[in-house]
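Read through the structure below, which is laid out as structure tokens, and then see the notes.
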Amino acid sequence: MAPRQAKPADRVLPNQSLIIDNGAHTMKAGFATSNPSLEDCHVIPNCLAKDRARHVWIGAQLEKCNDFGEIAFRRPVEKGFIVNWEAEKAIWDNTFFEKNAKLACDPQDTNLILTEAPNMPSPLQTNCDQIIFEEYEFASYSRCLGPSLNAYHDIQSLFGTPPRRHDVAVLPVECLLVIDSGYSHSTVTPVYNGQPIQQAVRRLDVGGKLLTNYLKELISIRHYNMLDETYIMNAIKENVCYVSEDFKRDLERTWKGTSASRKKALGDERDIVVDYVLPDYNAHKHGFMRPHDPSLSAKMRKMGSMSGAGEVVEDYMTLVNERFTVPELLFSPGDVGIKQEGLPATVLQSLSGLPPGLWPAMLANILVVGGNSRIEGFMSRLETEIRQLAPSECVVRVARAPDPIKSSWLGGAYLAGDPAALKSVQVTREEYNENGSVWLGKVFSGALRR
């Protein structure tokens, strides 16, 4: 006869809970409190970096780096999944377990909530579980989809309804459609009562990394060779790019033909053309955008011809249609040969995996998270195209989380702040040692109830 399993109510968990939203670009981590807030979350670069002086920066140490020229990154997360635990452990050790660590903790006295991307391969899940329980020996652990944690937010307040009371138990929203556009990819995840509906999860292989690489190629063809300047190109993408409301019209406005129509286009493109001044890591550490200056003096400053007169030598590049053709890949991946639909069509593909009765509730509660949602014009274009594709009888409401980067982490903090809810999802190290990794995988997948 199989041994009796301890019920969730019988298990005693430590008081301290650590939530880690382990993204490909940054890791969002922090401890749960009785009244969670965004200030409790720390955003830490999830990478190892080597600068041109061959100094290696680990995780949060990158904040002390003063020269990002030709800096090389090694990221433990690829395509949204942790594939290099050697690098990930170096970052975690520096952040959580070393002396004077930023978020120092004793894993044997800490509960861990760790996010994962949808459709993570089973071998990678098993490897992750073994690292958590057998190497770090956390007291208890829960592995869950990052988008699903957003269900614990006060979603209705984002759409103008009164906020929920703080003295009421934290319950997940009944129906929520989460669009998460991050560094590795973009996913659409329907969530019902806090649980993701796996068969309706859809993924678009376009994220911030692809956009940055595409921008590097365009800039390298038209201006300088920037293929080794990942950090600078990522900063340019974040500061300069925008999503066009009318892509075809903006492309025509910036067309550089030789006919008489070019003269008309020149006067119509001034609100698109900008200059981006590159950092020199002496006068300024970060680059910045400014209105385009076509004057001769600007060109002379760029060439250093006026440096003898006390002028600062500037190195800048003029950006035109790169500003909107790069983020357009989120809506038209076929522009670079990716045989997938854009993000709005991916939303409808996700709904096709649900019973039609859930469509109205899902379309009326669409939450957008992830770094790409901060691109100027992204939200309005996304909502417009979803409205065009959705059934006319359905109300479409789309809202962006107040902080789309920390949103999933904050949802996990709300979950961890409720002792009863936390017990229902956590698995203790004793249970893992007794039942093994196969049993643990079934529990986290929902195939086995305790």
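Residues in the structure tokens are numbered from 1 in each chain, the chains being A, B, ... in the order shown, and ligands are numbered from 1 in the order shown.
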
- Residue contacts of Glu63 in chain A (10 Å, only C-alpha atoms) excluding same-chain residues fewer than 5 positions away, as a count of residues only: 4

- Item | Polymer residues at most 12 Å from range 85-100 of chain A, only C-alpha atoms, same-chain spacing of 2 or more positions, as an MDAnalysis selection string | chainID A and resid 18:20 22:24 26:31 42:49 56:62 73:78 81:83 102:108 110 112 124:125 127:132 135:136 138

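DSSP, applied to the backbone of this structure, assigns alpha helix (DSSP H) to the following residues of range 30-133 of chain A: Trp85, Glu86, Ala87, Glu88, Lys89, Ala90, Ile91, Trp92, Ser122, Pro123, Leu124, Gln125, Thr126, Asn127, Cys128, Asp129 and Gln130 of chain A.
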
- Task: With a distance cut-off of 10 Å and only C-alpha atoms, select the neighbouring residues of Thr384 in chain A, excluding the residue or stretch itself and same-chain residues fewer than 5 positions from it, and output the selection as a VMD selection string.
- Result: chain A and resid 245 344 379 389 396 398

Pull C-alpha atoms from the residues just selected and write them as a PDB file, in the first residue's frame.
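File part05.pdb, as written:
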ATOM      1  CA  GLU A 245      -0.333  52.960 -36.909  1.00  0.00           C
ATOM      2  CA  PRO A 344      -3.109  39.887 -33.100  1.00  0.00           C
ATOM      3  CA  MET A 379      -0.750  49.014 -27.332  1.00  0.00           C
ATOM      4  CA  LEU A 389     -10.280  40.257 -36.030  1.00  0.00           C
ATOM      5  CA  VAL A 396     -12.628  43.851 -26.523  1.00  0.00           C
ATOM      6  CA  VAL A 398      -6.973  45.504 -23.605  1.00  0.00           C
TER       7      VAL A 398
END

- Do you know which residues are at most 12 Å from Pro402 in chain A counting only C-alpha atoms, after dropping those on the same chain fewer than 3 positions away, and could you put them as a PyMOL selection string? chain A and resi 37-38+150+153-155+157-159+367-371+373-374+399+405-408+410

- Message: Given only C-alpha atoms as the basis, pick out the residue of A:Thr230, A:Asn84, A:Thr33, A:Gln426 nearest to Ile113 in chain A.
- Response: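 Distance minimum relative to Ile113 in chain A lands on A:Gln426.
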
- Message: Please list as an MDAnalysis selection string every residue within 12 Å of Ser186 in chain A, counting only C-alpha atoms and excluding residues in the same chain fewer than 2 positions away.
- Response: chainID A and resid 79:80 117:118 147 178:184 188:189 201:211 329:331 333 340:344 346:347 368:373

- Task: Would you mind telling me which residue in A:Ala401, A:Val395, A:Ile71, A:Ala345 lies nearest to Ile232 in chain A when using only C-alpha atoms?
- Result: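 Of A:Ala401, A:Val395, A:Ile71, A:Ala345, the one nearest Ile232 in chain A, counting only C-alpha atoms, is A:Ile71.
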
- Residue contacts of Glu376 in chain A (10 Å, only C-alpha atoms) excluding same-chain residues fewer than 6 positions away, as a PyMOL selection string: chain A and resi 238-244+324+327

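The interatomic distance for the pair CA of Arg54 in chain A and CA of Tyr224 in chain A works out to 23.5 Å.
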
- List every residue of range 182-357 of chain A that DSSP, applied to the backbone, labels as strand (DSSP E or B), and write the result as a list of chain:residue names.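 Those residues are A:Ser186, A:Thr187, A:Val188, A:Thr189, A:Pro190, A:Val191, A:Tyr192, A:Gln195, A:Pro196, A:Arg202, A:Arg203, A:Leu204, A:Tyr242, A:Val274, A:Asp275, A:Tyr276, A:Val277, A:Phe288, A:Met289, A:Arg290, A:Pro291, A:Tyr316, A:Met317, A:Thr318, A:Leu319.
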
Saved selection, atoms kept: N, CA, C and O atoms, as a JSON list (two decimals), in the first residue's frame:
[["chain", "number", "residue", "atom", "x", "y", "z"],
["A", 186, "SER", "N", 7.04, 35.79, -27.84],
["A", 186, "SER", "CA", 5.77, 36.34, -27.38],
["A", 186, "SER", "C", 4.80, 35.18, -27.25],
["A", 186, "SER", "O", 4.73, 34.31, -28.12],
["A", 187, "THR", "N", 4.04, 35.15, -26.16],
["A", 187, "THR", "CA", 3.09, 34.07, -25.94],
["A", 187, "THR", "C", 1.71, 34.63, -25.62],
["A", 187, "THR", "O", 1.59, 35.74, -25.09],
["A", 188, "VAL", "N", 0.70, 33.87, -25.95],
["A", 188, "VAL", "CA", -0.68, 34.18, -25.59],
["A", 188, "VAL", "C", -1.17, 33.03, -24.73],
["A", 188, "VAL", "O", -1.20, 31.87, -25.18],
["A", 189, "THR", "N", -1.54, 33.33, -23.47],
["A", 189, "THR", "CA", -1.91, 32.29, -22.50],
["A", 189, "THR", "C", -3.28, 32.57, -21.91],
["A", 189, "THR", "O", -3.44, 33.53, -21.15],
["A", 190, "PRO", "N", -4.30, 31.78, -22.23],
["A", 190, "PRO", "CA", -5.59, 31.92, -21.54],
["A", 190, "PRO", "C", -5.49, 31.31, -20.14],
["A", 190, "PRO", "O", -4.95, 30.20, -19.96],
["A", 191, "VAL", "N", -5.99, 32.02, -19.16],
["A", 191, "VAL", "CA", -5.92, 31.57, -17.77],
["A", 191, "VAL", "C", -7.33, 31.51, -17.21],
["A", 191, "VAL", "O", -8.10, 32.48, -17.32],
["A", 192, "TYR", "N", -7.69, 30.36, -16.63],
["A", 192, "TYR", "CA", -9.03, 30.17, -16.06],
["A", 192, "TYR", "C", -8.88, 29.81, -14.59],
["A", 192, "TYR", "O", -8.27, 28.79, -14.25],
["A", 195, "GLN", "N", -5.39, 28.94, -13.50],
["A", 195, "GLN", "CA", -4.71, 27.83, -14.17],
["A", 195, "GLN", "C", -4.64, 28.07, -15.67],
["A", 195, "GLN", "O", -5.65, 28.41, -16.30],
["A", 196, "PRO", "N", -3.46, 27.92, -16.27],
["A", 196, "PRO", "CA", -3.36, 28.10, -17.73],
["A", 196, "PRO", "C", -4.07, 26.97, -18.47],
["A", 196, "PRO", "O", -4.04, 25.81, -18.04],
["A", 202, "ARG", "N", -0.46, 29.73, -27.22],
["A", 202, "ARG", "CA", 0.18, 29.92, -28.52],
["A", 202, "ARG", "C", 1.45, 30.77, -28.37],
["A", 202, "ARG", "O", 1.51, 31.66, -27.52],
["A", 203, "ARG", "N", 2.42, 30.47, -29.22],
["A", 203, "ARG", "CA", 3.73, 31.14, -29.13],
["A", 203, "ARG", "C", 4.10, 31.74, -30.47],
["A", 203, "ARG", "O", 3.94, 31.11, -31.52],
["A", 204, "LEU", "N", 4.62, 32.96, -30.43],
["A", 204, "LEU", "CA", 5.16, 33.64, -31.60],
["A", 204, "LEU", "C", 6.66, 33.81, -31.38],
["A", 204, "LEU", "O", 7.08, 34.39, -30.36],
["A", 242, "TYR", "N", 9.35, 52.73, -32.63],
["A", 242, "TYR", "CA", 7.92, 52.86, -32.34],
["A", 242, "TYR", "C", 7.14, 52.00, -33.32],
["A", 242, "TYR", "O", 7.62, 51.64, -34.39],
["A", 274, "VAL", "N", 15.34, 61.01, -36.89],
["A", 274, "VAL", "CA", 15.99, 61.46, -35.66],
["A", 274, "VAL", "C", 17.47, 61.13, -35.72],
["A", 274, "VAL", "O", 17.90, 60.28, -36.52],
["A", 275, "ASP", "N", 18.23, 61.79, -34.88],
["A", 275, "ASP", "CA", 19.65, 61.46, -34.69],
["A", 275, "ASP", "C", 19.79, 60.76, -33.35],
["A", 275, "ASP", "O", 19.15, 61.14, -32.36],
["A", 276, "TYR", "N", 20.63, 59.74, -33.33],
["A", 276, "TYR", "CA", 20.96, 59.08, -32.06],
["A", 276, "TYR", "C", 22.45, 59.25, -31.82],
["A", 276, "TYR", "O", 23.28, 58.77, -32.60],
["A", 277, "VAL", "N", 22.78, 59.96, -30.76],
["A", 277, "VAL", "CA", 24.18, 60.22, -30.39],
["A", 277, "VAL", "C", 24.70, 59.02, -29.61],
["A", 277, "VAL", "O", 24.15, 58.64, -28.56],
["A", 288, "PHE", "N", 21.75, 58.99, -26.54],
["A", 288, "PHE", "CA", 20.47, 59.68, -26.41],
["A", 288, "PHE", "C", 19.96, 60.09, -27.80],
["A", 288, "PHE", "O", 20.73, 60.24, -28.75],
["A", 289, "MET", "N", 18.66, 60.25, -27.89],
["A", 289, "MET", "CA", 18.01, 60.63, -29.14],
["A", 289, "MET", "C", 17.76, 62.13, -29.14],
["A", 289, "MET", "O", 17.49, 62.73, -28.10],
["A", 290, "ARG", "N", 17.84, 62.73, -30.32],
["A", 290, "ARG", "CA", 17.54, 64.16, -30.47],
["A", 290, "ARG", "C", 16.94, 64.38, -31.86],
["A", 290, "ARG", "O", 17.10, 63.52, -32.75],
["A", 291, "PRO", "N", 16.27, 65.50, -32.08],
["A", 291, "PRO", "CA", 15.74, 65.80, -33.42],
["A", 291, "PRO", "C", 16.86, 65.85, -34.46],
["A", 291, "PRO", "O", 17.99, 66.24, -34.15],
["A", 316, "TYR", "N", 27.26, 60.11, -34.21],
["A", 316, "TYR", "CA", 25.83, 59.84, -34.19],
["A", 316, "TYR", "C", 25.43, 59.16, -35.50],
["A", 316, "TYR", "O", 26.19, 59.11, -36.46],
["A", 317, "MET", "N", 24.25, 58.62, -35.48],
["A", 317, "MET", "CA", 23.68, 58.03, -36.69],
["A", 317, "MET", "C", 22.27, 58.55, -36.87],
["A", 317, "MET", "O", 21.56, 58.80, -35.90],
["A", 318, "THR", "N", 21.90, 58.72, -38.12],
["A", 318, "THR", "CA", 20.56, 59.20, -38.45],
["A", 318, "THR", "C", 19.67, 58.01, -38.75],
["A", 318, "THR", "O", 19.98, 57.17, -39.59],
["A", 319, "LEU", "N", 18.55, 57.93, -38.03],
["A", 319, "LEU", "CA", 17.63, 56.81, -38.16],
["A", 319, "LEU", "C", 16.34, 57.28, -38.80],
["A", 319, "LEU", "O", 15.78, 58.30, -38.40]]
